[in-house]
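Here is the structure we will look at.
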Amino acid sequence: MIIRKLLSYLIVPMAVATLISACSSEPDIELVEPGVMLRMNLTFGNSGIQASRADLGDQDGYEDPDGAFEEIRTLRIIILHGEGDTREVEAARLVATSATGAPLNDNLEFKVISNEMKTILLIANEASLPAPVSDVATATEYLDRFIKAATPFGDDVMKIFDDWSIQVTGGNTMSQSIFSNIGSLPRLPLTEKFKVQTVQTIAKTKSDEDMNRSEEIQEVTLFLTRCAPKVSFEFKVDKDAPNPPYLGCGASVTGVRLSGLTGQQYIFPRDAEYSPSKYVDDKEGYPYFIPAIDSEGNMLTPEQTMVNRFITSFKAYDPIGGITFDFTDGFSPVEIKSYAGAKAPVRGPIYIPESMAPQGEQFKVSVQIDGGEWLEAQPLDDNILSVNGCDAIARNTHLKISITFGATGLTWTAVEAPYNSVELKPNFGLEVK
């Protein structure tokens with residue numbers, strides 16, 4: 001058996017291996033539909049390397065991500081073929097995963113028809129999602145309708161997935177992280193939808209093992225996107241302020257408010273644009289990724305294959321604006337003092353809906369002093385994403401807000417960056433050399 005070397009990434013952004021068996025000259029061959037084994041590698045939409053559209057500055061003092069809420073416990077894959085009302089499920093699987101997202105006692109290989117455009121839906125931590133329709137109690141109950149091959153998945157069903165959303169509770173004020181009140185062990189959901197073009201393969205015989213045949217193994221790397229931004233707050237004193245009297249000297253911060261948020265958001269990214277792009281040359285069917293082997297056959301280090309992927313534009317759920325996150329419950333007081341020589345205290349993270357401020361308005365921060373007075377809200381005007389002229393906070397970003405107490409008042413500095421997480425790249429199946 002000859003194992004062909006992986007096709008170059010410069011040809012298509014997928015790795016393919018071909019297994020070729022012996023030949024026979026028997027006539028009257030009865031052919032069957034050629035297929036391909038689709039092997040998925042999955043990553044989060046970014047790497048563990050800190051980077052931003054703006055200068056991040058000094059990152060010392062920021063706490064690590066909240067591990068428990070961000071763990072991946074389940075992963076559902078639904079592969080569809082066909083279009084419109086003829087679209088149907090071709091393959092589907094729900095797998096349990098380790099905390100980092102690697103499947104347990106399972107793999108991510110699927111036998112599918114070759115030379116065809118597939119739609120692939122990825123859903124992690126579905127138990128923390130609201131049910132998308134009213135006639136089921138949970139998201140899992142609804143998603144289980146699509147576990148069997150040949151289940152219809154027409155445009156009416158796709159619209160349910162596209163319009164699937166979550167609304168915050170509590171009116172115009174939210175006091176707990178989005179998704180944290182769904183399920184017995186809430187986890188932050190991750191979702192994505194891809195188009196993937198499978199390679200063309202050769203038809204094989206149905207009965208004669210000696211005839212020419214091929215079985216393609218097509219490897220494709222996809223990513224998942226966390227369904228919410230997270231926000232953390234760092235507290236500092238202006239090092240150039242007189243000693244004292246910087247504002248609030250001797251008091252404590254006992255709460256923070258972030259206002260101007262959107263009260264409802266889509267479950268799947270809606271009209272999202274990414275940098276780097278989701279697809280090579282923005283062409284659906286060919287997901288962008290960096291292979292582990294360069295064009296000359298050299299192995300790349302994990303750092304060389306990492307991707308910092310930002311959402312640069314998205315569609316927010318209407319109506320927009322008007323929601324405030326009141327972060328007082330569970331807030332550990334922060335004494336207003338100089339922390340020179342030590343890490344400045346950080347509170348959070350909290351998880352908010354992806355949000356877009358109304359035209360001409362900004363997201364604002366207020367702080368509470370000693371459980372009573374709230375200092376005047378001030379706008380976040382730096383390092384905030386702009387979408388169609390509106391300030392926005394995209395899912396899958398970590399908004400780090402540094403609050404500085406000075407002699408003349410408070411100042412805010414905001415930094416958006418991808419979540420700081422390890423890559424998830426499980427490989428399965430035959431080893432290709």
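Ligands are numbered from 1 in the order shown, residues from 1 within each chain, and chains are lettered A, B, ... in the order they appear in the structure tokens.
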Region 126-141 of chain A environment, 9 Å, only C-alpha atoms, sequence neighbours closer than 5 positions dropped, as a ChimeraX atom specification
/A:74-76,160-161,163-166,179-190,267
Kindly assemble as a tab-separated table a list of the region 358-398 of chain A residues that lie within 12 Å of region 328-342 of chain A, each paired with its nearest atom pair and their distance in Å to one decimal, using only C-alpha atoms, sorted first by chain and then by ascending residue number.
residue	atom	partner	partner_atom	distance
A:Ser366	CA	A:Thr328	CA	11.4
A:Val367	CA	A:Thr328	CA	9.7
A:Gln368	CA	A:Thr328	CA	8.5
A:Ile369	CA	A:Pro333	CA	9.2
A:Asp370	CA	A:Pro333	CA	8.2
A:Gly371	CA	A:Thr328	CA	8.9
A:Gly372	CA	A:Thr328	CA	11.3
A:Trp374	CA	A:Thr328	CA	11.6
For the helix (DSSP H, G or I) assignment from backbone DSSP, which residues of region 49-181 of chain A qualify? Please present them as a list in words.
Gly67, Ala68, Phe69, Glu70, Gly84, Asp85, Thr86, Glu126, Ala127, Ser128, Ala139, Thr140, Glu141, Tyr142, Leu143, Asp144, Arg145, Phe146, Asp155, Asp156, Val157, Met158, Lys159, Ile160, Phe161, Asp162 and Asp163 of chain A
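For the choices A:Glu219, A:Asp326, A:Asp85, A:Glu71, the atom-to-atom distance to Asp155 (chain A) is smallest for A:Asp85 when using only C-alpha atoms.
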Using only C-alpha atoms, can you tell me which of A:Ser277, A:Thr324, A:Ser232, A:Thr225 comes closest to Lys400 (chain A)?
A:Ser232
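Ranking A:Ala149, A:Val112, A:Ile320, A:Val36 by their shortest atom-to-atom distance to Gln167 (chain A), with only C-alpha atoms included, puts A:Ile320 first.
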Just the residues within 7 Å of Pro418 (chain A), please, counting only C-alpha atoms, with nothing from its chain fewer than 3 positions along; format it as a ChimeraX atom specification.
/A:46,308,310,396-398
Can I get the selection written as an mmCIF file, in the first residue's frame, with N, CA, C and O atoms?
data_model
loop_
_atom_site.group_PDB
_atom_site.id
_atom_site.type_symbol
_atom_site.label_atom_id
_atom_site.label_comp_id
_atom_site.auth_asym_id
_atom_site.auth_seq_id
_atom_site.Cartn_x
_atom_site.Cartn_y
_atom_site.Cartn_z
ATOM 1 N N ASN A 46 -8.879 31.603 18.095
ATOM 2 C CA ASN A 46 -7.686 32.411 18.335
ATOM 3 C C ASN A 46 -6.651 31.556 19.044
ATOM 4 O O ASN A 46 -6.876 30.411 19.361
ATOM 5 N N ASN A 308 -4.449 34.450 15.788
ATOM 6 C CA ASN A 308 -5.271 35.389 16.554
ATOM 7 C C ASN A 308 -6.378 35.878 15.625
ATOM 8 O O ASN A 308 -6.121 36.627 14.689
ATOM 9 N N PHE A 310 -9.860 37.879 15.093
ATOM 10 C CA PHE A 310 -10.806 38.856 15.619
ATOM 11 C C PHE A 310 -12.074 38.875 14.776
ATOM 12 O O PHE A 310 -12.023 38.725 13.555
ATOM 13 N N ASN A 396 -16.451 36.458 21.717
ATOM 14 C CA ASN A 396 -15.116 35.867 21.624
ATOM 15 C C ASN A 396 -13.991 36.877 21.855
ATOM 16 O O ASN A 396 -12.850 36.649 21.485
ATOM 17 N N THR A 397 -14.311 38.035 22.465
ATOM 18 C CA THR A 397 -13.265 38.975 22.853
ATOM 19 C C THR A 397 -13.257 39.131 24.365
ATOM 20 O O THR A 397 -14.260 38.905 25.041
ATOM 21 N N HIS A 398 -12.103 39.506 24.877
ATOM 22 C CA HIS A 398 -11.937 39.793 26.302
ATOM 23 C C HIS A 398 -11.698 41.291 26.417
ATOM 24 O O HIS A 398 -10.646 41.790 26.018
#
Distance in Å - CA of Gln264 (chain A) versus CA of Ile77 (chain A)
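Interatomic distance, CA of Gln264 (chain A) to CA of Ile77 (chain A): 25.0 Å.
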From a backbone DSSP assignment, name each residue in region 134-336 of chain A labelled strand (DSSP E), as a compact mmCIF listing (two decimals) with C-alpha atoms, in the first residue's frame.
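Output contents, as saved in states17.txt:
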# COMPACT_ATOMS: atom_id res chain seq x y z
CA SER A 165 -31.17 33.82 20.25
CA ILE A 166 -30.90 34.37 23.98
CA GLN A 167 -32.47 37.25 25.91
CA THR A 173 -30.48 45.45 34.45
CA MET A 174 -28.59 42.18 34.47
CA LEU A 190 -19.42 27.92 21.53
CA THR A 191 -20.86 27.76 18.02
CA GLU A 192 -19.92 28.14 14.36
CA LYS A 193 -21.26 27.37 10.89
CA PHE A 194 -18.95 26.48 7.98
CA LYS A 195 -19.18 25.61 4.32
CA VAL A 196 -16.72 22.86 3.35
CA GLN A 197 -16.13 21.50 -0.15
CA LYS A 204 -15.28 1.93 -6.39
CA THR A 205 -16.78 -1.51 -7.01
CA SER A 214 -9.72 4.73 -3.55
CA GLU A 215 -10.73 6.01 -0.15
CA GLU A 216 -9.85 9.63 0.48
CA ILE A 217 -9.12 11.03 3.91
CA GLN A 218 -9.77 14.74 3.83
CA GLU A 219 -8.55 16.71 6.80
CA VAL A 220 -10.12 20.09 7.55
CA THR A 221 -9.41 22.53 10.38
CA LEU A 222 -12.37 24.48 11.73
CA PHE A 223 -12.75 26.76 14.72
CA LEU A 224 -15.39 27.42 17.37
CA THR A 225 -16.37 30.87 18.60
CA ARG A 226 -17.42 31.62 22.18
CA LYS A 230 -16.09 38.63 28.74
CA VAL A 231 -15.12 41.72 30.71
CA SER A 232 -12.64 42.17 33.55
CA PHE A 233 -11.84 45.29 35.57
CA GLU A 234 -8.39 46.32 36.83
CA PHE A 235 -8.00 49.04 39.48
CA LYS A 236 -4.99 51.37 39.63
CA VAL A 237 -3.90 54.70 41.10
CA SER A 252 -13.13 51.04 48.56
CA VAL A 253 -14.79 50.18 45.27
CA THR A 254 -17.75 47.90 46.00
CA GLY A 255 -19.30 47.57 42.57
CA VAL A 256 -19.02 48.34 38.86
CA ARG A 257 -21.67 49.03 36.23
CA LEU A 258 -21.26 48.65 32.47
CA SER A 259 -24.10 50.25 30.50
CA GLY A 260 -25.21 50.54 26.87
CA LEU A 261 -25.32 46.76 26.28
CA GLN A 264 -30.51 39.94 23.26
CA GLN A 265 -28.05 38.20 20.94
CA TYR A 266 -27.90 35.48 18.31
CA GLU A 273 -16.51 39.01 9.44
CA TYR A 274 -13.17 37.78 10.73
CA SER A 275 -9.54 38.82 10.59
CA PHE A 310 -10.81 38.86 15.62
CA ILE A 311 -14.42 39.46 14.72
CA THR A 312 -14.31 42.80 12.92
CA SER A 313 -18.01 43.15 12.10
CA ILE A 323 -29.05 47.23 29.22
CA THR A 324 -26.76 47.71 32.24
CA PHE A 325 -24.68 44.99 33.89
CA ASP A 326 -24.67 45.69 37.65
CA PHE A 327 -21.61 43.93 39.04
CA VAL A 334 -11.08 46.89 46.22
CA GLU A 335 -9.27 49.39 48.43
